[in-house]
$ cat data.txt   # compact mmCIF, C-alpha atoms and all ligand atoms
# COMPACT_ATOMS: atom_id res chain seq x y z
CA MET A 80 45.85 14.79 -22.71
CA LYS A 81 42.19 13.72 -22.33
CA SER A 82 39.58 15.72 -24.14
CA ARG A 83 36.97 17.53 -21.99
CA ARG A 84 34.34 15.19 -23.37
CA GLU A 85 36.32 12.15 -22.31
CA SER A 86 37.05 13.47 -18.85
CA SER A 87 33.43 14.51 -18.29
CA ARG A 88 32.32 11.08 -19.51
CA ARG A 89 34.78 9.43 -17.12
CA ALA A 90 33.40 11.52 -14.24
CA ARG A 91 29.92 10.09 -14.77
CA VAL A 92 28.77 7.28 -12.53
CA GLU A 93 28.41 4.09 -14.54
CA ALA A 94 27.03 0.59 -13.98
CA GLY A 95 29.63 -1.52 -12.18
CA ASP A 96 31.26 1.46 -10.37
CA ALA A 97 32.00 1.17 -6.65
CA LEU A 98 31.31 4.39 -4.71
CA GLU A 99 31.56 5.53 -1.11
CA VAL A 100 28.52 7.59 -0.19
CA THR A 101 26.54 8.89 2.78
CA ILE A 102 22.79 8.29 2.81
CA GLU A 103 21.02 11.62 3.23
CA ARG A 104 17.41 10.48 3.65
CA ILE A 105 14.88 7.89 2.56
CA LEU A 106 12.89 8.75 -0.56
CA PRO A 107 9.37 7.82 -1.73
CA GLY A 108 9.90 4.34 -3.17
CA GLY A 109 12.04 3.43 -0.14
CA PHE A 110 15.52 4.07 -1.61
CA GLY A 111 18.22 5.94 0.30
CA LEU A 112 19.31 9.17 -1.38
CA ALA A 113 23.03 9.83 -1.90
CA HIS A 114 25.17 11.93 -4.24
CA ALA A 115 28.42 11.07 -6.02
CA ALA A 116 30.26 12.90 -8.82
CA GLY A 117 27.38 15.39 -9.00
CA GLN A 118 24.89 12.61 -9.66
CA THR A 119 21.98 11.27 -7.67
CA VAL A 120 22.41 7.73 -6.40
CA PHE A 121 19.44 5.63 -5.18
CA VAL A 122 20.63 3.04 -2.68
CA ALA A 123 18.47 0.04 -1.79
CA LEU A 124 17.98 -1.13 1.84
CA ALA A 125 19.77 1.89 3.32
CA ALA A 126 19.33 3.92 6.51
CA ALA A 127 19.59 7.72 6.67
CA GLY A 128 23.07 8.52 8.01
CA ASP A 129 24.75 5.29 6.80
CA ARG A 130 28.25 5.66 5.32
CA VAL A 131 28.40 2.83 2.78
CA ARG A 132 30.34 1.43 -0.14
CA VAL A 133 27.86 0.69 -2.92
CA ARG A 134 28.02 -0.96 -6.34
CA VAL A 135 26.08 0.72 -9.14
CA ALA A 136 23.72 -1.78 -10.80
CA GLU A 137 22.35 0.52 -13.51
CA THR A 138 22.00 4.14 -14.55
CA ARG A 139 18.93 5.83 -16.00
CA GLY A 140 19.72 9.32 -17.26
CA LYS A 141 21.19 11.21 -14.32
CA LEU A 142 20.07 8.59 -11.79
CA ALA A 143 22.22 5.70 -10.61
CA PHE A 144 20.73 2.68 -8.79
CA ALA A 145 23.06 0.94 -6.38
CA SER A 146 23.18 -1.71 -3.70
CA ILE A 147 25.25 -1.78 -0.53
CA GLU A 148 28.45 -3.86 -0.59
CA GLU A 149 29.82 -2.77 2.76
CA ILE A 150 28.54 -0.68 5.65
CA LEU A 151 31.48 1.55 6.57
CA GLN A 152 29.72 3.46 9.35
CA PRO A 153 26.20 2.34 10.30
CA SER A 154 23.49 4.89 10.98
CA PRO A 155 22.08 4.90 14.55
CA ALA A 156 18.75 4.12 12.81
CA ARG A 157 20.11 0.78 11.58
CA VAL A 158 19.33 -2.62 13.15
CA GLU A 159 20.20 -6.18 12.18
CA PRO A 160 17.25 -7.33 10.00
CA PRO A 161 15.66 -10.23 11.89
CA CYS A 162 14.43 -12.14 8.82
CA PRO A 163 17.02 -14.57 7.37
CA TYR A 164 15.72 -13.89 3.83
CA PHE A 165 15.88 -10.08 4.08
CA GLY A 166 17.77 -8.54 1.17
CA ARG A 167 17.14 -11.50 -1.13
CA CYS A 168 13.35 -11.79 -0.68
CA GLY A 169 11.44 -9.03 -2.50
CA GLY A 170 8.81 -8.72 0.22
CA CYS A 171 10.24 -6.22 2.75
CA ASP A 172 12.61 -3.28 2.26
CA PHE A 173 12.63 -1.55 5.69
CA GLN A 174 13.78 -4.28 8.12
CA GLN A 175 17.21 -2.60 8.35
CA LEU A 176 15.56 0.33 10.21
CA THR A 177 14.48 0.59 13.85
CA TYR A 178 10.69 0.75 14.03
CA GLN A 179 10.84 4.43 15.04
CA ALA A 180 13.12 5.16 12.04
CA GLN A 181 10.60 3.42 9.74
CA LEU A 182 7.81 5.65 11.08
CA ASP A 183 9.99 8.78 10.75
CA ALA A 184 10.97 7.84 7.18
CA LYS A 185 7.30 7.39 6.21
CA VAL A 186 6.34 10.80 7.57
CA GLU A 187 9.29 12.28 5.61
CA ILE A 188 8.11 10.49 2.45
CA ILE A 189 4.63 12.04 2.84
CA ARG A 190 6.15 15.50 3.50
CA ASP A 191 8.37 15.17 0.45
CA CYS A 192 5.40 14.28 -1.81
CA LEU A 193 3.26 17.11 -0.41
CA ARG A 194 6.06 19.62 -0.98
CA ARG A 195 7.35 18.45 -4.37
CA ILE A 196 4.28 16.97 -6.09
CA ALA A 197 1.29 18.67 -4.42
CA GLN A 198 3.25 21.92 -4.08
CA LEU A 199 1.81 22.39 -0.60
CA ALA A 200 3.53 23.43 2.62
CA PRO A 201 3.22 20.26 4.76
CA PRO A 202 1.69 20.67 8.23
CA ASP A 203 4.23 21.15 11.07
CA GLU A 204 3.32 17.75 12.40
CA ILE A 205 2.00 14.70 10.56
CA PRO A 206 0.93 12.20 13.23
CA ILE A 207 1.56 8.56 12.36
CA THR A 208 -0.26 5.72 14.11
CA PRO A 209 2.06 2.72 14.52
CA SER A 210 0.90 -0.79 13.78
CA PRO A 211 -0.11 -2.49 17.07
CA ASP A 212 2.30 -5.26 16.04
CA PRO A 213 5.04 -4.36 13.51
CA TRP A 214 5.40 -8.11 12.82
CA ARG A 215 2.76 -10.83 12.17
CA TYR A 216 0.32 -8.26 10.78
CA ARG A 217 -0.27 -9.23 7.12
CA SER A 218 -3.48 -11.13 6.57
CA ARG A 219 -2.89 -11.61 2.82
CA ALA A 220 0.10 -13.17 1.06
CA ARG A 221 0.96 -14.23 -2.48
CA TRP A 222 3.36 -17.15 -2.59
CA GLN A 223 5.14 -18.26 -5.75
CA TYR A 224 5.88 -21.88 -6.48
CA ASP A 225 8.76 -23.05 -8.64
CA ARG A 226 8.00 -26.71 -9.24
CA ASP A 227 11.36 -27.43 -10.92
CA GLY A 228 13.41 -26.09 -8.05
CA GLU A 229 10.74 -27.09 -5.52
CA ARG A 230 10.83 -23.62 -4.03
CA LEU A 231 7.87 -21.90 -2.39
CA GLY A 232 8.00 -18.29 -1.23
CA TYR A 233 8.22 -14.77 -2.63
CA PHE A 234 9.98 -13.46 -5.72
CA GLU A 235 13.56 -12.39 -5.04
CA ARG A 236 14.16 -8.64 -5.20
CA GLY A 237 13.78 -7.37 -8.78
CA THR A 238 13.55 -10.86 -10.32
CA HIS A 239 11.05 -13.62 -11.04
CA ARG A 240 13.24 -16.19 -9.27
CA VAL A 241 11.49 -17.74 -6.29
CA CYS A 242 13.10 -17.21 -2.89
CA ASP A 243 12.33 -20.35 -0.86
CA VAL A 244 10.84 -19.12 2.41
CA ALA A 245 10.12 -21.35 5.41
CA VAL A 246 9.26 -18.53 7.83
CA CYS A 247 7.74 -15.14 7.03
CA PRO A 248 7.76 -12.87 10.10
CA VAL A 249 5.27 -10.32 8.70
CA VAL A 250 2.31 -12.65 8.05
CA VAL A 251 -0.29 -13.41 10.73
CA PRO A 252 0.30 -16.73 12.58
CA GLU A 253 -2.55 -18.43 10.67
CA LEU A 254 -0.83 -17.71 7.36
CA GLN A 255 2.56 -18.83 8.73
CA GLN A 256 0.92 -22.15 9.67
CA LEU A 257 -0.66 -22.36 6.22
CA LEU A 258 2.73 -21.72 4.59
CA GLU A 259 4.27 -24.55 6.64
CA ASP A 260 1.43 -26.95 5.74
CA LEU A 261 1.65 -25.96 2.09
CA ARG A 262 5.40 -26.60 2.01
CA VAL A 263 4.71 -30.20 3.07
CA GLU A 264 1.77 -30.72 0.69
CA VAL A 265 2.83 -28.92 -2.45
CA PRO A 266 5.57 -31.28 -3.71
CA VAL A 267 3.16 -34.25 -3.55
CA TYR A 268 -0.06 -32.48 -4.52
CA MET A 269 -1.22 -32.79 -8.14
CA LEU A 270 -1.41 -29.11 -9.04
CA PRO A 271 -2.66 -27.96 -12.40
CA GLU A 272 0.33 -27.19 -14.65
CA GLU A 273 -0.33 -23.43 -14.53
CA ALA A 274 -0.54 -23.23 -10.70
CA ARG A 275 2.56 -21.23 -9.88
CA GLU A 276 1.02 -18.74 -7.51
CA PHE A 277 -0.96 -19.14 -4.30
CA GLU A 278 -3.07 -16.41 -2.78
CA ALA A 279 -3.61 -16.85 0.95
CA VAL A 280 -6.02 -14.70 2.98
CA ALA A 281 -6.93 -14.80 6.66
CA GLY A 282 -10.16 -13.68 8.30
CA ASP A 283 -11.43 -13.65 11.89
CA ASP A 284 -11.54 -16.86 13.96
CA ALA A 285 -8.30 -18.14 12.33
CA GLU A 286 -10.14 -18.89 9.08
CA VAL A 287 -7.88 -19.00 6.04
CA SER A 288 -8.55 -19.18 2.33
CA LEU A 289 -6.12 -20.52 -0.24
CA SER A 290 -6.34 -20.21 -4.01
CA PRO A 291 -5.90 -22.54 -5.84
CA PRO A 292 -7.48 -24.67 -3.09
CA VAL A 293 -5.01 -27.42 -2.16
CA TRP A 294 -7.39 -28.49 0.61
CA THR A 295 -11.04 -28.73 -0.39
CA ASP A 296 -12.30 -27.43 2.99
CA ALA A 297 -10.58 -24.01 2.58
CA PRO A 298 -13.36 -21.36 2.45
CA ARG A 299 -13.57 -18.69 -0.28
CA GLU A 300 -15.66 -16.46 1.93
CA LEU A 301 -14.11 -14.82 4.98
CA ALA A 302 -15.37 -12.38 7.60
CA ARG A 303 -13.97 -9.58 9.75
CA THR A 304 -15.55 -7.46 12.47
CA ILE A 305 -14.12 -3.93 12.41
CA GLY A 306 -15.28 -1.19 14.78
CA GLY A 307 -18.43 -3.17 15.60
CA GLU A 308 -19.41 -3.68 11.93
CA HIS A 309 -19.45 -7.17 10.43
CA TYR A 310 -18.02 -7.62 6.94
CA ARG A 311 -18.05 -10.69 4.74
CA PHE A 312 -15.79 -10.77 1.70
CA ASP A 313 -14.62 -13.09 -1.02
CA ALA A 314 -10.90 -13.93 -0.82
CA ASP A 315 -10.46 -12.38 -4.30
CA CYS A 316 -11.91 -9.01 -3.23
CA PHE A 317 -9.83 -6.19 -1.87
CA PHE A 318 -9.75 -6.11 1.92
CA GLN A 319 -7.17 -4.13 3.92
CA ILE A 320 -4.35 -6.40 5.10
CA ASN A 321 -3.56 -4.98 8.58
CA HIS A 322 -6.83 -5.61 10.39
CA ALA A 323 -5.47 -4.47 13.81
CA LEU A 324 -5.28 -0.86 12.53
CA LEU A 325 -8.54 -0.83 10.63
CA SER A 326 -10.99 0.53 13.20
CA THR A 327 -8.59 3.49 13.81
CA LEU A 328 -8.29 4.05 10.05
CA VAL A 329 -12.08 4.02 9.59
CA ARG A 330 -12.51 6.47 12.50
CA GLU A 331 -10.01 8.87 10.94
CA GLY A 332 -11.49 8.43 7.45
CA LEU A 333 -14.87 9.61 8.78
CA GLN A 334 -13.84 11.96 11.62
CA ASP A 335 -17.05 13.80 12.67
CA ALA A 336 -18.76 13.50 9.26
CA ALA A 337 -22.56 13.35 9.32
CA GLY A 338 -25.38 14.88 7.26
CA ASP A 339 -27.74 14.27 4.33
CA SER A 340 -25.69 12.83 1.54
CA ALA A 341 -22.38 10.97 1.18
CA LEU A 342 -20.51 9.10 -1.54
CA ASP A 343 -18.13 6.21 -0.89
CA LEU A 344 -15.95 5.97 -4.00
CA TYR A 345 -13.86 2.82 -4.63
CA SER A 346 -15.90 1.20 -1.89
CA GLY A 347 -14.79 -2.47 -2.01
CA VAL A 348 -17.00 -4.66 0.21
CA GLY A 349 -18.19 -1.59 2.13
CA LEU A 350 -15.56 -0.99 4.83
CA PHE A 351 -16.56 2.72 4.95
CA THR A 352 -20.07 2.32 3.50
CA LEU A 353 -21.55 0.73 6.63
CA PRO A 354 -20.35 3.39 9.11
CA LEU A 355 -21.26 6.13 6.59
CA ALA A 356 -24.80 4.72 6.37
CA ARG A 357 -25.14 5.14 10.15
CA ARG A 358 -24.25 8.85 9.93
CA PHE A 359 -25.81 10.06 6.66
CA GLU A 360 -29.40 10.02 5.40
CA ARG A 361 -28.34 8.76 1.97
CA VAL A 362 -25.14 7.01 0.88
CA THR A 363 -24.06 5.85 -2.56
CA ALA A 364 -21.11 3.49 -2.82
CA VAL A 365 -19.35 2.96 -6.16
CA GLU A 366 -17.00 0.07 -6.89
CA GLY A 367 -15.84 -1.62 -10.10
CA ASN A 368 -15.60 -5.22 -8.88
CA ALA A 369 -18.99 -6.98 -9.11
CA THR A 370 -18.10 -9.63 -6.51
CA ALA A 371 -17.15 -6.86 -4.05
CA THR A 372 -20.40 -4.93 -4.67
CA ALA A 373 -22.45 -8.13 -4.13
CA PHE A 374 -20.71 -8.54 -0.75
CA ALA A 375 -21.20 -4.84 0.07
CA ARG A 376 -24.98 -5.17 -0.54
CA ARG A 377 -25.06 -8.28 1.62
CA ASN A 378 -23.03 -6.59 4.39
CA LEU A 379 -25.46 -3.63 4.38
CA ALA A 380 -28.50 -5.93 4.39
CA GLU A 381 -27.16 -8.01 7.29
CA ALA A 382 -26.60 -4.76 9.23
CA SER A 383 -30.23 -3.75 8.38
CA LEU A 384 -28.94 -0.58 6.68
CA THR A 385 -31.39 0.35 3.93
CA ASN A 386 -30.27 3.94 3.21
CA ALA A 387 -27.22 3.01 1.10
CA ARG A 388 -27.18 1.85 -2.50
CA VAL A 389 -24.22 0.21 -4.17
CA GLU A 390 -23.31 0.79 -7.83
CA THR A 391 -21.06 -1.52 -9.84
CA ALA A 392 -19.16 0.78 -12.21
CA PRO A 393 -15.83 2.45 -12.89
CA VAL A 394 -15.91 5.48 -10.55
CA GLY A 395 -14.90 8.04 -13.20
CA GLU A 396 -17.58 6.94 -15.68
CA TRP A 397 -20.27 6.71 -13.00
CA LEU A 398 -19.50 10.19 -11.61
CA ALA A 399 -19.46 11.78 -15.07
CA ARG A 400 -22.92 10.27 -15.75
CA ALA A 401 -24.50 10.79 -12.32
CA ARG A 402 -23.18 14.11 -11.09
CA GLY A 403 -25.97 16.22 -12.66
CA ARG A 404 -28.64 14.42 -10.59
CA LEU A 405 -26.80 14.01 -7.28
CA GLY A 406 -27.69 17.40 -5.75
CA GLN A 407 -25.46 18.77 -2.99
CA VAL A 408 -23.15 16.08 -1.62
CA ASN A 409 -21.89 16.74 1.91
CA PHE A 410 -19.09 14.21 2.14
CA VAL A 411 -17.01 12.05 -0.20
CA LEU A 412 -14.88 9.16 1.01
CA LEU A 413 -12.32 8.62 -1.75
CA ASP A 414 -10.20 5.45 -1.38
CA PRO A 415 -8.68 4.66 -4.80
CA PRO A 416 -6.10 1.97 -5.62
CA ARG A 417 -2.35 2.74 -5.70
CA ALA A 418 -2.68 4.56 -9.05
CA GLY A 419 -4.83 7.23 -7.38
CA ALA A 420 -8.09 8.71 -8.67
CA ASP A 421 -8.28 8.88 -12.47
CA THR A 422 -8.56 12.29 -14.19
CA GLU A 423 -12.26 11.80 -14.95
CA THR A 424 -12.95 11.20 -11.25
CA VAL A 425 -11.00 14.27 -10.10
CA LEU A 426 -12.63 16.53 -12.72
CA SER A 427 -16.12 15.25 -11.88
CA LEU A 428 -15.55 15.79 -8.16
CA LEU A 429 -14.34 19.34 -8.85
CA ALA A 430 -17.56 19.92 -10.83
CA LEU A 431 -19.70 18.28 -8.11
CA ARG A 432 -18.11 20.40 -5.36
CA PRO A 433 -18.88 18.29 -2.26
CA ASP A 434 -18.47 20.12 1.07
CA ARG A 435 -15.77 17.72 2.28
CA ILE A 436 -13.52 15.06 0.77
CA SER A 437 -11.72 12.45 2.85
CA TYR A 438 -8.94 10.97 0.73
CA VAL A 439 -7.63 7.59 1.96
CA SER A 440 -4.49 6.66 0.07
CA CYS A 441 -1.88 3.89 -0.01
CA ASP A 442 0.52 5.87 -2.22
CA PRO A 443 1.76 9.32 -1.13
CA ALA A 444 2.91 10.22 -4.68
CA THR A 445 -0.46 9.71 -6.41
CA LEU A 446 -2.21 11.22 -3.38
CA ALA A 447 -0.06 14.35 -3.76
CA ARG A 448 -0.76 14.52 -7.51
CA ASP A 449 -4.52 14.46 -6.85
CA LEU A 450 -4.26 16.90 -3.92
CA ARG A 451 -2.60 19.38 -6.24
CA ALA A 452 -5.69 19.29 -8.48
CA PHE A 453 -8.10 19.70 -5.54
CA THR A 454 -6.15 22.47 -3.82
CA SER A 455 -5.70 24.38 -7.11
CA ASP A 456 -9.48 24.49 -7.52
CA GLY A 457 -11.24 25.51 -4.34
CA TYR A 458 -10.28 22.93 -1.68
CA ALA A 459 -8.04 23.34 1.37
CA VAL A 460 -6.27 20.59 3.27
CA GLU A 461 -7.55 20.41 6.86
CA THR A 462 -5.70 17.42 8.30
CA VAL A 463 -3.07 14.91 7.22
CA ARG A 464 -2.61 11.72 9.22
CA ALA A 465 -0.57 8.60 8.51
CA PHE A 466 -1.13 4.95 9.47
CA ASP A 467 1.58 2.33 9.43
CA MET A 468 -0.48 -0.33 7.70
CA PHE A 469 2.61 -1.98 6.14
CA PRO A 470 5.49 -2.22 8.68
CA GLN A 471 8.90 -3.44 7.40
CA THR A 472 8.14 -1.90 3.98
CA HIS A 473 8.27 1.69 2.71
CA HIS A 474 4.51 1.68 2.06
CA VAL A 475 2.25 3.92 4.13
CA GLU A 476 -1.46 4.75 4.34
CA THR A 477 -2.42 8.43 4.52
CA VAL A 478 -5.76 10.08 5.26
CA VAL A 479 -6.22 13.69 4.14
CA HIS A 480 -9.35 15.73 4.89
CA LEU A 481 -10.18 18.50 2.41
CA ARG A 482 -12.82 21.19 2.78
CA ARG A 483 -14.38 23.39 0.10
CA VAL A 484 -13.31 27.01 0.65
C1 LIG B 501 -7.86 0.68 -1.99
S1 LIG B 501 -9.24 -0.32 -2.36
C2 LIG B 501 -10.43 0.37 -1.27
C3 LIG B 501 -11.63 -0.47 -0.99
C4 LIG B 501 -12.45 -0.09 0.25
N1 LIG B 501 -12.65 1.33 0.35
C5 LIG B 501 -11.80 -0.65 1.49
O1 LIG B 501 -11.13 0.12 2.22
O2 LIG B 501 -11.94 -1.85 1.74
C6 LIG B 501 -9.67 0.25 -3.95
C7 LIG B 501 -10.91 -0.39 -4.56
O3 LIG B 501 -11.15 0.25 -5.82
C8 LIG B 501 -11.61 -0.71 -6.76
N2 LIG B 501 -11.32 -0.10 -8.07
C9 LIG B 501 -10.11 0.03 -8.69
N3 LIG B 501 -10.24 0.79 -9.80
C10 LIG B 501 -11.53 1.16 -9.87
C11 LIG B 501 -12.29 1.97 -10.77
N4 LIG B 501 -11.72 2.57 -11.81
N5 LIG B 501 -13.60 2.15 -10.54
C12 LIG B 501 -14.20 1.55 -9.48
N6 LIG B 501 -13.55 0.79 -8.58
C13 LIG B 501 -12.23 0.59 -8.78
C14 LIG B 501 -10.89 -1.99 -6.40
O4 LIG B 501 -11.62 -3.11 -6.84
C15 LIG B 501 -10.82 -1.88 -4.86
O5 LIG B 501 -11.92 -2.52 -4.28

$ encode --input "data.txt" --output "structure tokens"
Amino acid sequence: MKSRRESSRRARVEAGDALEVTIERILPGGFGLAHAAGQTVFVALAAAGDRVRVRVAETRGKLAFASIEEILQPSPARVEPPCPYFGRCGGCDFQQLTYQAQLDAKVEIIRDCLRRIAQLAPPDEIPITPSPDPWRYRSRARWQYDRDGERLGYFERGTHRVCDVAVCPVVVPELQQLLEDLRVEVPVYMLPEEAREFEAVAGDDAEVSLSPPVWTDAPRELARTIGGEHYRFDADCFFQINHALLSTLVREGLQDAAGDSALDLYSGVGLFTLPLARRFERVTAVEGNATATAFARRNLAEASLTNARVETAPVGEWLARARGRLGQVNFVLLDPPRAGADTETVLSLLALRPDRISYVSCDPATLARDLRAFTSDGYAVETVRAFDMFPQTHHVETVVHLRRV
């Protein structure tokens, strides 16, 4: 007879096991949630409602990570992924879903983070603005080059092996053309030994930048006009990748904000700084990247906006130093990187007590973590709105407006 320990050990899901499971919903991170033998199973590239046979790749504590071996009963939300590299290429993880199912999953992901991490009751409805084109939207791409295998494309899922990609259906047509040209040039071009990665960025007027520059005429400086404002930026600076949604995002980030004093924190090349400077008497933008702040100053000057100053500094350090002399701030536009606002920034904002905070986020989990801090200390959530800036992936942009209560 088996001991209890043995039988309970045998009941545990282990790497290499094959399981039949039903996908319950899509989780933050993009995995499908399933349960087997009392354990939680995260299934890659799944659709809610799929009945699938999966193979467990690894376990971490009580979590098992699995991939689909056979679709036993497809979910109505499932479609045939149009990209021939889908599943192998590490770029997209939502092509198996209808576009509506992608949007629904993203709203669910935001709800889940608000409930579990922010400990807030999510609003009844979280509107999500679809991407005008769910394909051909990305104006920035990072391509890997494996000179031994002569492969150019993206890393394969979960590896550093290069998936050779001839066509990428999510990049803008200018970048697709650049990829095709690069595939012809790269095997014969004398690249420096360390050149294994290309960064390609597109601006308005079909201008493209490529780093390292295979062609000498490729510009470093690009431009975009968004909502009537003109922005120049260096290809190395952050600039949002789905330009077709940007004027809507900026409008929602600002809503009806106007008044004496505003801060634009993590301001990049000034995407929000310029429209803020048209609505507020005084604006201070803070950004850590010196190239981006140089472009922000230039963008303001070219727009003849003289009421905004731009500081090059880590936001947390700058706020801790400056908050005593800022006076009453009416509005803060907070647009941190994926990691969210650092603790110093959140604590300084809580001490500064601006009337309103507009939090623009590309990661619902870190957004929810920071919202918990704000809503535990005198701020209430007024609106939550999502933007599908990254179709065919689980990523989503969220704008939350908070008001001091
Ligand atoms: C999500 S982007 C937003 C940029 C800008 N608001 C926009 O929409 O174009 C985040 C920006 O924060 C900057 N950044 C990251 N960490 C920072 C820090 N600790 N202090 C200041 N800036 C930082 C990055 O260089 C990047 O420009």

$ residues_near_point --input "data.txt" --point "(1.1, 17.5, -7.7)" --cutoff "10 Å" --atoms "all atoms listed in the file" --output "PyMOL selection string"
chain A and resi 192-199+444-455

$ closest_residue --input "data.txt" --among "A:Pro206, A:Pro201, A:Gly307, A:Pro291" --to "Ala465 of chain A" --atoms "all atoms listed in the file"
A:Pro206

$ closest_residue --input "data.txt" --among "A:Glu93, A:Asp225, A:Asp172, A:Glu103" --to "Glu137 of chain A" --atoms "only C-alpha atoms"
A:Glu93

$ residues_around --input "data.txt" --residues "segment 357-365 of chain A" --least-positions-apart "2" --cutoff "9 Å" --atoms "all atoms listed in the file" --output "PyMOL selection string"
chain A and resi 336-347+349+352-355+367+372+375+384+386-394+397

$ residues_near_point --input "data.txt" --point "(-3.2, 3.4, -5.3)" --cutoff "8 Å" --atoms "all atoms listed in the file" --output "compact mmCIF listing (two decimals) with C-alpha atoms, in the frame of the given file"
# COMPACT_ATOMS: atom_id res chain seq x y z
CA PRO A 415 -8.68 4.66 -4.80
CA PRO A 416 -6.10 1.97 -5.62
CA ARG A 417 -2.35 2.74 -5.70
CA ALA A 418 -2.68 4.56 -9.05
CA GLY A 419 -4.83 7.23 -7.38
CA ALA A 420 -8.09 8.71 -8.67
CA SER A 440 -4.49 6.66 0.07
CA CYS A 441 -1.88 3.89 -0.01
CA ASP A 442 0.52 5.87 -2.22
CA THR A 445 -0.46 9.71 -6.41

$ residues_around --input "data.txt" --residues "Val251 of chain A" --least-positions-apart "5" --cutoff "9 Å" --atoms "only C-alpha atoms" --output "ChimeraX atom specification"
/A:214-219,256,281

$ residues_around --input "data.txt" --residues "Pro163 of chain A" --least-positions-apart "4" --cutoff "10 Å" --atoms "only C-alpha atoms" --output "MDAnalysis selection string"
chainID A and resid 167:168 244:248

$ closest_residue --input "data.txt" --among "A:Ala285, A:Val158, A:Leu350, A:Leu481" --to "ligand LIG 501 (chain B)" --atoms "only C-alpha atoms and all ligand atoms"
A:Leu350

$ closest_residue --input "data.txt" --among "A:Gly128, A:Gln471, A:Leu413, A:Gln319" --to "Cys162 of chain A" --atoms "all atoms listed in the file"
A:Gln471

$ residues_around --input "data.txt" --residues "segment 116-125 of chain A" --least-positions-apart "3" --cutoff "9 Å" --atoms "only C-alpha atoms" --output "VMD selection string"
chain A and resid 90 to 92 100 102 104 to 106 109 to 113 128 to 129 131 133 135 138 141 to 147 157 166 172 to 176

$ atom_distance --input "data.txt" --atom1 "atom CA of Glu331 of chain A" --atom2 "atom CA of Thr370 of chain A"
26.7 Å

$ atom_distance --input "data.txt" --atom1 "atom CA of Leu98 of chain A" --atom2 "atom CA of His114 of chain A"
9.7 Å

$ closest_residue --input "data.txt" --among "A:Gln407, A:Thr462, A:Thr472, A:Asn368" --to "ligand LIG 501 (chain B)" --atoms "only C-alpha atoms and all ligand atoms"
A:Asn368

$ atom_distance --input "data.txt" --atom1 "atom CA of Arg221 of chain A" --atom2 "atom CA of Val478 of chain A"
26.4 Å

$ closest_residue --input "data.txt" --among "A:Gln152, A:Thr424, A:Ser288, A:Ser383" --to "His309 of chain A" --atoms "all atoms listed in the file"
A:Ser383

$ axis_aligned_box --input "data.txt" --around "segment 102-106 of chain A" --padding-each-side "3 Å" --output "JSON"
{"center_x": 17.8, "center_y": 9.8, "center_z": 1.5, "size_x": 15.9, "size_y": 9.7, "size_z": 10.2}

$ residues_around --input "data.txt" --residues "Phe466 of chain A" --least-positions-apart "6" --cutoff "12 Å" --atoms "all atoms listed in the file" --output "JSON list (two decimals) with C-alpha atoms, in the coordinates of the input"
[["chain", "number", "residue", "atom", "x", "y", "z"],
["A", 181, "GLN", "CA", 10.60, 3.42, 9.74],
["A", 182, "LEU", "CA", 7.81, 5.65, 11.08],
["A", 183, "ASP", "CA", 9.99, 8.78, 10.75],
["A", 185, "LYS", "CA", 7.30, 7.39, 6.21],
["A", 186, "VAL", "CA", 6.34, 10.80, 7.57],
["A", 189, "ILE", "CA", 4.63, 12.04, 2.84],
["A", 205, "ILE", "CA", 2.00, 14.70, 10.56],
["A", 206, "PRO", "CA", 0.93, 12.20, 13.23],
["A", 207, "ILE", "CA", 1.56, 8.56, 12.36],
["A", 208, "THR", "CA", -0.26, 5.72, 14.11],
["A", 209, "PRO", "CA", 2.06, 2.72, 14.52],
["A", 210, "SER", "CA", 0.90, -0.79, 13.78],
["A", 211, "PRO", "CA", -0.11, -2.49, 17.07],
["A", 213, "PRO", "CA", 5.04, -4.36, 13.51],
["A", 321, "ASN", "CA", -3.56, -4.98, 8.58],
["A", 323, "ALA", "CA", -5.47, -4.47, 13.81],
["A", 324, "LEU", "CA", -5.28, -0.86, 12.53],
["A", 325, "LEU", "CA", -8.54, -0.83, 10.63],
["A", 326, "SER", "CA", -10.99, 0.53, 13.20],
["A", 327, "THR", "CA", -8.59, 3.49, 13.81],
["A", 328, "LEU", "CA", -8.29, 4.05, 10.05],
["A", 329, "VAL", "CA", -12.08, 4.02, 9.59],
["A", 330, "ARG", "CA", -12.51, 6.47, 12.50],
["A", 331, "GLU", "CA", -10.01, 8.87, 10.94],
["A", 332, "GLY", "CA", -11.49, 8.43, 7.45],
["A", 439, "VAL", "CA", -7.63, 7.59, 1.96],
["A", 440, "SER", "CA", -4.49, 6.66, 0.07],
["A", 441, "CYS", "CA", -1.88, 3.89, -0.01],
["A", 442, "ASP", "CA", 0.52, 5.87, -2.22],
["A", 443, "PRO", "CA", 1.76, 9.32, -1.13],
["A", 474, "HIS", "CA", 4.51, 1.68, 2.06],
["A", 475, "VAL", "CA", 2.25, 3.92, 4.13],
["A", 476, "GLU", "CA", -1.46, 4.75, 4.34],
["A", 477, "THR", "CA", -2.42, 8.43, 4.52],
["A", 478, "VAL", "CA", -5.76, 10.08, 5.26],
["A", 479, "VAL", "CA", -6.22, 13.69, 4.14]]
